[in-house]
Amino acid sequence: MKAVRYFGHKDVRVVNDLEKPTPTGDEVLLKIGGAGVCHSDLHIIDEGIVSGTVFTLGHENAGWVEEVGPAVKDYKKGDAVLVYGPWGCGHCKPCQQSKENYCDHQSEMAFGGGLGLNGGMADYMLVPSSRLLVPIHDLDPVIAAPLTDAALTPYSAIKRSLPKLMPDEFVVVIGVGGLGHVALQILREMTGSTIIACDITQERLDFAKELGASYTVNSKDSDAAEQIQKITGIQKAKAVIDFVGATSTIELGTKIVGLDGDLTIVGLGGGHYEYNMMGMPFGVSMTNPYWGSRAELIEVVGLARQQKIHIEVERYKLDEAVAVYDKLRNGQIKGRAVLIP
Ligand code: NAD
Ligand code: ZN
Ligand code: ZN
């Protein structure tokens, strides 16, 4: 079968000589409908954050059940499913609570399919346990794949701040890409707060307006923080969700977040922040959430089935993977690119 393989630092190739796996025990073999192309893949490819192993990329996957291991009782051939991405041990307390993204054993294990183990940029993908599947019913697996990360990650990040995001408050989204464009829609649907979006091109800022932002600010402007403070007034933003995570965006966040607010850094841009007691308003929670829980993925499917969130999908073939990564690197993907076998 065909697959997009990571061979090491800056070395990604499409191969056509892998064997179609056979599921045993509780494993499930999926025929892939779509595999989303996440910016985290670029951190793997360009920065080598997962090293010493060759694997198939793609951690944002959906498809149809092709074959089940003998222990699988609840799925049959043809069922449309999402693959929950952060694969935990399945037994520790966070995993029992469905929060495999915070599995106690994370430091000892590969992060999941497409993140050290074989992922879904292939004709077929072997999922190690049926517990990692979420049915999508009438949704199309081709366009549902990004729900597993581009939607789940912002959903989980936003849920942390929900009790604070009342209609008199402001929330700022930094980075209107794969994750950020879904974050805007989740905020629009789940909070009454006024949404401000930041990105670095006018095209992305216009896109943000279509998705629920009332205001947009170009974060490249040297006075971006002042522009945002002019909108929020003295109360500042109750939550800032940073989908870039560069030093400049973290610094912007510290300037625009208000007292008792949340500064949530989702982006893995390698930014630094030197803690300083007076560098931020009192009571701010700064967090670095990782992905979301299995239960939250079920909730995300609910949002999508009600058509409350729509993922802007650019469709490509598996063979185009290397070119698609180039496009993503150059900021040329609007919404999410999905590879379709
Ligand atoms: P993307 O490339 O689709 O989108 C990034 C967006 O940020 C683009 O619109 C780009 O124009 C914008 N941008 C770049 N620099 C900016 C700046 N200085 N100010 C404002 N906007 C800027 O990326 P994505 O797939 O949405 O991923 C976003 C980040 O989140 C990546 O770092 C990725 O690795 C990370 N991520 C984290 C998790 C997690 O669980 N913590 C999960 C998935 C992705
Ligand atoms: Zn991702
Ligand atoms: Zn665990």
# chains A, B, ... in the order shown; residues from 1 in each chain; ligands from 1

call {"tool": "residues_around", "arguments": {"residues": "Pro141 in chain A", "least_positions_apart": "6", "cutoff": "6 Å", "atoms": "only C-alpha atoms", "output": "PyMOL selection string"}}
result
chain A and resi 33+62-63

call {"tool": "write_last_selection", "arguments": {"atoms": "N, CA, C and O atoms", "output": "PDB file, in the first residue's frame"}}
result
ATOM      1  N   GLY A  33     -10.150   7.528   4.842  1.00  0.00           N
ATOM      2  CA  GLY A  33     -10.928   8.447   4.001  1.00  0.00           C
ATOM      3  C   GLY A  33     -10.185   9.744   3.820  1.00  0.00           C
ATOM      4  O   GLY A  33     -10.097  10.293   2.716  1.00  0.00           O
ATOM      5  N   ALA A  62      -9.468   9.827   9.652  1.00  0.00           N
ATOM      6  CA  ALA A  62     -10.823   9.285   9.633  1.00  0.00           C
ATOM      7  C   ALA A  62     -10.935   8.306   8.475  1.00  0.00           C
ATOM      8  O   ALA A  62     -10.199   8.400   7.488  1.00  0.00           O
ATOM      9  N   GLY A  63     -11.854   7.373   8.606  1.00  0.00           N
ATOM     10  CA  GLY A  63     -12.024   6.399   7.529  1.00  0.00           C
ATOM     11  C   GLY A  63     -13.148   5.434   7.835  1.00  0.00           C
ATOM     12  O   GLY A  63     -14.036   5.726   8.643  1.00  0.00           O
TER      13      GLY A  63
END

call {"tool": "residues_near_ligand", "arguments": {"ligand": "ligand 2", "cutoff": "10 Å", "atoms": "only C-alpha atoms and all ligand atoms", "output": "list in words"}}
result
Gly36, Val37, Cys38, His39, Ser40, Asp41, Leu42, His43, Gly58, His59, Glu60, Gly85, Pro86, Gly114, Leu115, Pro146, Thr148, Asp149, Ala150, Ala151, Leu152, Thr153, Gly178, Leu179, Gly267, Tyr290 and Trp291 of chain A

call {"tool": "closest_atom_pairs", "arguments": {"of": "chain A", "to": "ligand 1", "cutoff": "7 Å", "atoms": "only C-alpha atoms and all ligand atoms", "output": "CSV"}}
result
residue,atom,partner,partner_atom_place_in_ligand_line,distance
A:Cys38,CA,ligand 1,25 (O),4.2
A:His39,CA,ligand 1,25 (O),3.8
A:Ser40,CA,ligand 1,34 (O),3.3
A:His43,CA,ligand 1,34 (O),6.3
A:Asp149,CA,ligand 1,43 (C),5.9
A:Ala150,CA,ligand 1,43 (C),6.4
A:Thr153,CA,ligand 1,40 (O),5.5
A:Ile174,CA,ligand 1,20 (C),5.1
A:Gly175,CA,ligand 1,7 (O),3.5
A:Val176,CA,ligand 1,9 (O),4.3
A:Gly177,CA,ligand 1,4 (O),3.2
A:Gly178,CA,ligand 1,26 (O),3.6
A:Leu179,CA,ligand 1,26 (O),3.8
A:Gly180,CA,ligand 1,26 (O),5.7
A:Cys198,CA,ligand 1,20 (C),5.3
A:Asp199,CA,ligand 1,21 (N),3.5
A:Ile200,CA,ligand 1,21 (N),5.1
A:Thr201,CA,ligand 1,11 (O),6.5
A:Arg204,CA,ligand 1,9 (O),6.2
A:Ser219,CA,ligand 1,19 (N),4.9
A:Lys220,CA,ligand 1,18 (N),6.4
A:Phe243,CA,ligand 1,29 (C),4.8
A:Val244,CA,ligand 1,29 (C),5.1
A:Gly245,CA,ligand 1,32 (O),6.5
A:Ala246,CA,ligand 1,18 (N),6.8
A:Ser248,CA,ligand 1,18 (N),6.5
A:Thr249,CA,ligand 1,18 (N),5.7
A:Val266,CA,ligand 1,41 (N),4.1
A:Gly267,CA,ligand 1,30 (O),3.5
A:Leu268,CA,ligand 1,32 (O),3.8
A:Gly269,CA,ligand 1,32 (O),4.9
A:Asn288,CA,ligand 1,41 (N),6.5
A:Pro289,CA,ligand 1,41 (N),5.4
A:Tyr290,CA,ligand 1,40 (O),3.4
A:Trp291,CA,ligand 1,40 (O),3.6
A:Leu328,CA,ligand 1,2 (O),5.7
A:Arg329,CA,ligand 1,2 (O),6.9
A:Gly331,CA,ligand 1,11 (O),5.6
A:Ile333,CA,ligand 1,3 (O),6.8
A:Gly335,CA,ligand 1,3 (O),6.4
A:Arg336,CA,ligand 1,3 (O),6.4

call {"tool": "select_by_dssp", "arguments": {"residues": "range 137-260 of chain A", "states": "helix (DSSP H, G or I)", "output": "number ranges by chain"}}
result
A: 141-148, 152-164, 178-190, 202-210, 224-235, 247-256

call {"tool": "residues_near_ligand", "arguments": {"ligand": "ligand 3", "cutoff": "6 Å", "atoms": "only C-alpha atoms and all ligand atoms", "output": "ChimeraX atom specification"}}
result
/A:88-92,94-95,100,103-105

call {"tool": "closest_residue", "arguments": {"among": "A:Glu47, A:Glu108, A:Asp262, A:Asp26", "to": "Pro163 in chain A", "atoms": "only C-alpha atoms"}}
result
A:Asp262

call {"tool": "residues_around", "arguments": {"residues": "Asn61 in chain A", "least_positions_apart": "3", "cutoff": "6 Å", "atoms": "only C-alpha atoms", "output": "JSON, numbers by chain"}}
result
{"A": [35, 83, 120, 145]}

call {"tool": "select_by_dssp", "arguments": {"residues": "range 3-140 of chain A", "states": "strand (DSSP E or B)", "output": "PyMOL selection string"}}
result
chain A and resi 3-8+11-15+28-37+55-56+61-68+80-83+113+117+122+124-127+133-135

call {"tool": "atom_distance", "arguments": {"atom1": "CA of Asp17 in chain A", "atom2": "CA of Gly113 in chain A"}}
result
18.9 Å

call {"tool": "closest_residue", "arguments": {"among": "A:Ala237, A:Ile228, A:Leu147, A:Leu297", "to": "Glu169 in chain A", "atoms": "only C-alpha atoms"}}
result
A:Ala237

call {"tool": "residues_around", "arguments": {"residues": "Glu19 in chain A", "least_positions_apart": "6", "cutoff": "12 Å", "atoms": "only C-alpha atoms", "output": "list of chain:residue names"}}
result
A:Met1, A:Lys2, A:Ala3, A:Ala122, A:Asp123, A:Tyr124, A:Met125, A:Leu126

call {"tool": "residues_around", "arguments": {"residues": "Glu189 in chain A", "least_positions_apart": "5", "cutoff": "10 Å", "atoms": "only C-alpha atoms", "output": "MDAnalysis selection string"}}
result
chainID A and resid 183:184 212 303 308:309

call {"tool": "write_last_selection", "arguments": {"atoms": "N, CA, C and O atoms", "output": "PDB file, in the first residue's frame"}}
result
ATOM      1  N   ALA A 183     -11.312  27.334  16.063  1.00  0.00           N
ATOM      2  CA  ALA A 183     -11.469  27.973  17.382  1.00  0.00           C
ATOM      3  C   ALA A 183     -12.464  29.128  17.307  1.00  0.00           C
ATOM      4  O   ALA A 183     -13.318  29.278  18.192  1.00  0.00           O
ATOM      5  N   LEU A 184     -12.378  29.921  16.266  1.00  0.00           N
ATOM      6  CA  LEU A 184     -13.288  31.069  16.129  1.00  0.00           C
ATOM      7  C   LEU A 184     -14.745  30.603  16.101  1.00  0.00           C
ATOM      8  O   LEU A 184     -15.618  31.191  16.743  1.00  0.00           O
ATOM      9  N   GLY A 212     -16.692  34.635  12.606  1.00  0.00           N
ATOM     10  CA  GLY A 212     -17.241  35.060  13.899  1.00  0.00           C
ATOM     11  C   GLY A 212     -16.458  36.120  14.640  1.00  0.00           C
ATOM     12  O   GLY A 212     -16.885  36.570  15.701  1.00  0.00           O
ATOM     13  N   LEU A 303     -20.904  18.865  17.684  1.00  0.00           N
ATOM     14  CA  LEU A 303     -20.889  20.211  17.082  1.00  0.00           C
ATOM     15  C   LEU A 303     -20.915  20.130  15.563  1.00  0.00           C
ATOM     16  O   LEU A 303     -21.624  20.881  14.891  1.00  0.00           O
ATOM     17  N   LYS A 308     -22.528  23.260  13.440  1.00  0.00           N
ATOM     18  CA  LYS A 308     -22.127  24.485  14.144  1.00  0.00           C
ATOM     19  C   LYS A 308     -20.679  24.837  13.833  1.00  0.00           C
ATOM     20  O   LYS A 308     -20.279  25.980  13.996  1.00  0.00           O
ATOM     21  N   ILE A 309     -19.910  23.841  13.435  1.00  0.00           N
ATOM     22  CA  ILE A 309     -18.553  24.137  12.962  1.00  0.00           C
ATOM     23  C   ILE A 309     -18.369  23.525  11.575  1.00  0.00           C
ATOM     24  O   ILE A 309     -18.889  22.449  11.273  1.00  0.00           O
TER      25      ILE A 309
END

call {"tool": "closest_residue", "arguments": {"among": "A:Tyr84, A:Phe282, A:Phe207, A:Tyr325", "to": "Ala295 in chain A", "atoms": "only C-alpha atoms"}}
result
A:Tyr84

call {"tool": "closest_residue", "arguments": {"among": "A:Leu187, A:Ala213, A:Ala157, A:Ile196", "to": "Met286 in chain A", "atoms": "only C-alpha atoms"}}
result
A:Ala157
